[in-house]
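Below: the structure, in structure tokens.
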Amino acid sequence: MPRLLPLSELPARISLREVGPRDGLQNEDITLSTSQKVQLINALAATGLRQIEVGSFVHPRNVPQMADTDAVFAQIDRRPGVIYSAIAPNTTGAQRAVAAGADAIQVFLSASESHNRSNVNMSIAESLAQAAEVAAIARNAGTSFEAVLSVVFGCPFEGDVPLDRVLDLCDHLLALGAEQITLGDTTGMAHPRLVQAVCQAFLERFPGVALRLHPHSAT
């Protein structure tokens with residue numbers, strides 16, 4: 001495993017994307033009203049955050065907490081300089097995201113077949129095909145296209161995820177036009193040296209590509 005970087009070699013600054021309005025609220029048993037979500041997002045923007053994930057455009061049967069994402073986008077007070085993004089796993093979601101005025105559309109898939117089928121009921125190959133269509137929709141609308149890769153640091157069904165598979169998936173998504181890649185520790189299985197190894201391998205293979213991390217606590 002590679003050495004951990006000393007503080008002197010760490011970046012001078014990082015950027016943050018607040019994902020609470022989507023990733024946080026979708027896991028709550030209580031569904032907030034549209035007005036409450038709007039208040040939350042407006043308050044987050046007032047703190048100086050420059051990137052906020054407003055919600056996801058998924059079927060309300062699957063994620064009922066996100067059923068009103070269209071309405072939330074319509075009612076938030078958009079601050080200049082703030083990027084309001086949304087998750088869209090398929091073409092229907094991407095079309096809704098464009099109609100709602102999302103500044104960036106993020107497609108997501110998993111780095112393991114088992115988790116991808118459990119999460120979106122598709123194979124990785126099928127998700128990549130959907131990602132290509134989402135990318136085309138975003139490109140035609142002049143909207144940023146990004147990608148989120150789940151269970152990069154370990155899968156609850158398959159255990160360790162091969163690094164080569166992660167990098168190959170990133171390669172495919174970048175070829176589709178993804179402006180940045182988010183590597184997700186979906187179930188909190190990562191540890192510092194593994195994160196270091198994955199990030200170094202990514203940056204060596206894709207120099208200059210924007211890399212984001214989405215960590216989770218296992219506790």
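Chain labels follow the order of the structure tokens: the first chain is A, the next B, and so on; residue numbering restarts at 1 in every chain, and ligands are counted from 1 in their shown order.
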Per-residue nearest contacts segment 58-121 of chain A to segment 156-173 of chain A, cut-off 7 Å, using only C-alpha atoms, as JSON lines:
```
{"residue": "A:Ala111", "atom": "CA", "partner": "A:Val166", "partner_atom": "CA", "distance": 6.0}
{"residue": "A:Ser112", "atom": "CA", "partner": "A:Val161", "partner_atom": "CA", "distance": 6.9}
{"residue": "A:Ser114", "atom": "CA", "partner": "A:Phe157", "partner_atom": "CA", "distance": 6.4}
{"residue": "A:His115", "atom": "CA", "partner": "A:Phe157", "partner_atom": "CA", "distance": 6.8}
```
message: Neighbouring residues of Ser217 of chain A were defined as those with any atom within 12 Å, considering only C-alpha atoms; residues of the same chain fewer than 4 positions away were excluded. Please report them as a PyMOL selection string.
response: chain A and resi 184-191
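For the choices A:Ala99, A:Ala135, A:Ala45, A:Met66, the atom-to-atom distance to Arg22 of chain A is smallest for A:Met66 when using only C-alpha atoms.
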Name the residues in contact with Glu113 of chain A at a cut-off of 9 Å, using only C-alpha atoms, excluding same-chain residues fewer than 2 positions from it; report them as an mmCIF file with all heavy atoms, in the first residue's frame.
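Written out: selection.cif:
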```cif
data_model
loop_
_atom_site.group_PDB
_atom_site.id
_atom_site.type_symbol
_atom_site.label_atom_id
_atom_site.label_comp_id
_atom_site.auth_asym_id
_atom_site.auth_seq_id
_atom_site.Cartn_x
_atom_site.Cartn_y
_atom_site.Cartn_z
ATOM 1 N N SER A 110 -23.029 1.327 -9.697
ATOM 2 C CA SER A 110 -22.181 0.686 -8.695
ATOM 3 C C SER A 110 -20.982 0.007 -9.344
ATOM 4 O O SER A 110 -21.019 -0.359 -10.520
ATOM 5 C CB SER A 110 -22.982 -0.358 -7.908
ATOM 6 O OG SER A 110 -24.109 0.228 -7.299
ATOM 7 N N ALA A 111 -19.941 -0.165 -8.548
ATOM 8 C CA ALA A 111 -18.734 -0.824 -9.032
ATOM 9 C C ALA A 111 -18.814 -2.341 -8.892
ATOM 10 O O ALA A 111 -17.882 -3.048 -9.280
ATOM 11 C CB ALA A 111 -17.508 -0.305 -8.278
ATOM 12 N N HIS A 115 -24.413 -5.109 -6.181
ATOM 13 C CA HIS A 115 -24.960 -3.877 -5.622
ATOM 14 C C HIS A 115 -25.726 -3.096 -6.681
ATOM 15 O O HIS A 115 -26.770 -2.499 -6.390
ATOM 16 C CB HIS A 115 -23.848 -3.012 -5.035
ATOM 17 C CG HIS A 115 -24.353 -1.853 -4.241
ATOM 18 N ND1 HIS A 115 -24.634 -0.626 -4.817
ATOM 19 C CD2 HIS A 115 -24.671 -1.733 -2.920
ATOM 20 C CE1 HIS A 115 -25.074 0.200 -3.885
ATOM 21 N NE2 HIS A 115 -25.108 -0.444 -2.730
ATOM 22 N N ASN A 116 -25.235 -3.112 -7.914
ATOM 23 C CA ASN A 116 -25.935 -2.380 -8.972
ATOM 24 C C ASN A 116 -27.324 -2.968 -9.210
ATOM 25 O O ASN A 116 -28.308 -2.234 -9.364
ATOM 26 C CB ASN A 116 -25.121 -2.417 -10.270
ATOM 27 C CG ASN A 116 -25.425 -1.240 -11.171
ATOM 28 O OD1 ASN A 116 -25.105 -0.107 -10.853
ATOM 29 N ND2 ASN A 116 -26.064 -1.500 -12.308
ATOM 30 N N ARG A 117 -27.411 -4.292 -9.234
ATOM 31 C CA ARG A 117 -28.717 -4.927 -9.427
ATOM 32 C C ARG A 117 -29.634 -4.666 -8.239
ATOM 33 O O ARG A 117 -30.840 -4.449 -8.408
ATOM 34 C CB ARG A 117 -28.543 -6.426 -9.665
ATOM 35 C CG ARG A 117 -27.911 -6.763 -11.001
ATOM 36 C CD ARG A 117 -27.904 -8.242 -11.289
ATOM 37 N NE ARG A 117 -27.294 -8.547 -12.577
ATOM 38 C CZ ARG A 117 -27.924 -8.477 -13.742
ATOM 39 N NH1 ARG A 117 -29.187 -8.109 -13.783
ATOM 40 N NH2 ARG A 117 -27.298 -8.761 -14.868
ATOM 41 N N SER A 118 -29.075 -4.662 -7.047
ATOM 42 C CA SER A 118 -29.882 -4.401 -5.860
ATOM 43 C C SER A 118 -30.356 -2.957 -5.821
ATOM 44 O O SER A 118 -31.493 -2.669 -5.405
ATOM 45 C CB SER A 118 -29.059 -4.703 -4.595
ATOM 46 O OG SER A 118 -29.755 -4.331 -3.432
ATOM 47 N N MET A 122 -30.489 -3.192 -12.465
ATOM 48 C CA MET A 122 -29.853 -3.318 -13.775
ATOM 49 C C MET A 122 -28.450 -3.880 -13.613
ATOM 50 O O MET A 122 -27.857 -3.775 -12.534
ATOM 51 C CB MET A 122 -29.759 -1.945 -14.471
ATOM 52 C CG MET A 122 -31.063 -1.366 -14.971
ATOM 53 S SD MET A 122 -30.802 0.126 -15.986
ATOM 54 C CE MET A 122 -30.355 1.313 -14.700
ATOM 55 N N SER A 123 -27.947 -4.465 -14.676
ATOM 56 C CA SER A 123 -26.541 -4.850 -14.688
ATOM 57 C C SER A 123 -25.694 -3.602 -14.875
ATOM 58 O O SER A 123 -26.200 -2.536 -15.249
ATOM 59 C CB SER A 123 -26.264 -5.835 -15.830
ATOM 60 O OG SER A 123 -26.423 -5.178 -17.078
ATOM 61 N N ILE A 124 -24.391 -3.718 -14.622
ATOM 62 C CA ILE A 124 -23.504 -2.584 -14.847
ATOM 63 C C ILE A 124 -23.527 -2.185 -16.316
ATOM 64 O O ILE A 124 -23.547 -0.995 -16.651
ATOM 65 C CB ILE A 124 -22.067 -2.915 -14.384
ATOM 66 C CG1 ILE A 124 -22.013 -3.019 -12.854
ATOM 67 C CG2 ILE A 124 -21.087 -1.854 -14.887
ATOM 68 C CD1 ILE A 124 -20.650 -3.405 -12.314
ATOM 69 N N GLU A 158 -20.272 -8.421 -2.186
ATOM 70 C CA GLU A 158 -19.133 -9.083 -2.812
ATOM 71 C C GLU A 158 -17.807 -8.854 -2.096
ATOM 72 O O GLU A 158 -16.799 -9.456 -2.462
ATOM 73 C CB GLU A 158 -19.001 -8.622 -4.263
ATOM 74 C CG GLU A 158 -20.224 -8.946 -5.114
ATOM 75 C CD GLU A 158 -20.088 -8.483 -6.549
ATOM 76 O OE1 GLU A 158 -18.941 -8.193 -6.971
ATOM 77 O OE2 GLU A 158 -21.115 -8.412 -7.251
#
```
task: Report as a count of residues only: the residues of chain A with a DSSP assignment of alpha helix (DSSP H), based on the backbone of this structure.
output: 83
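Closest approach to Lys37 of chain A among A:Ala94, A:Val209, A:Ala132, A:Ala74: A:Ala74, based on only C-alpha atoms.
Compared by their closest atoms to Gln95 of chain A, and using only C-alpha atoms, the residues A:Gln51, A:Asn140, A:Asn121, A:Gln75 rank with A:Asn140 nearest.
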task: Tell me, in Å to one decimal, how far atom CA of Gln106 of chain A is from atom CA of Val148 of chain A.
output: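 About the pair atom CA of Gln106 of chain A and atom CA of Val148 of chain A: they are 6.6 Å apart.
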message: For a quick check of understanding, using only C-alpha atoms, which of A:Leu176, A:Val152, A:Leu183, A:Ala97 has the smallest distance to Asp70 of chain A?
response: A:Ala97
field: Of the listed residues A:Phe153, A:Gln36, A:Ile83, A:Asp68, that which approaches Ser15 of chain A most closely, counting only C-alpha atoms
entry: A:Ile83
query: Which residue out of A:Cys155, A:Val82, A:Leu49, A:Ala147 has the minimum interatomic distance to Leu109 of chain A when only C-alpha atoms are used?
result: A:Ala147
message: Can you tell me, as a ChimeraX atom specification, which residues in segment 47-186 of chain A count as strand (DSSP E or B) by DSSP?
response: /A:51-56,83-87,104-110,144-150,155,159,180-184
message: What's around Ile41 of chain A at 12 Å? Count only C-alpha atoms, leave out sequence neighbours fewer than 2 positions away in its own chain, and write the answer as a VMD selection string.
response: chain A and resid 18 to 22 25 34 to 39 43 to 55 69 72 to 73 75 to 79 82 to 85
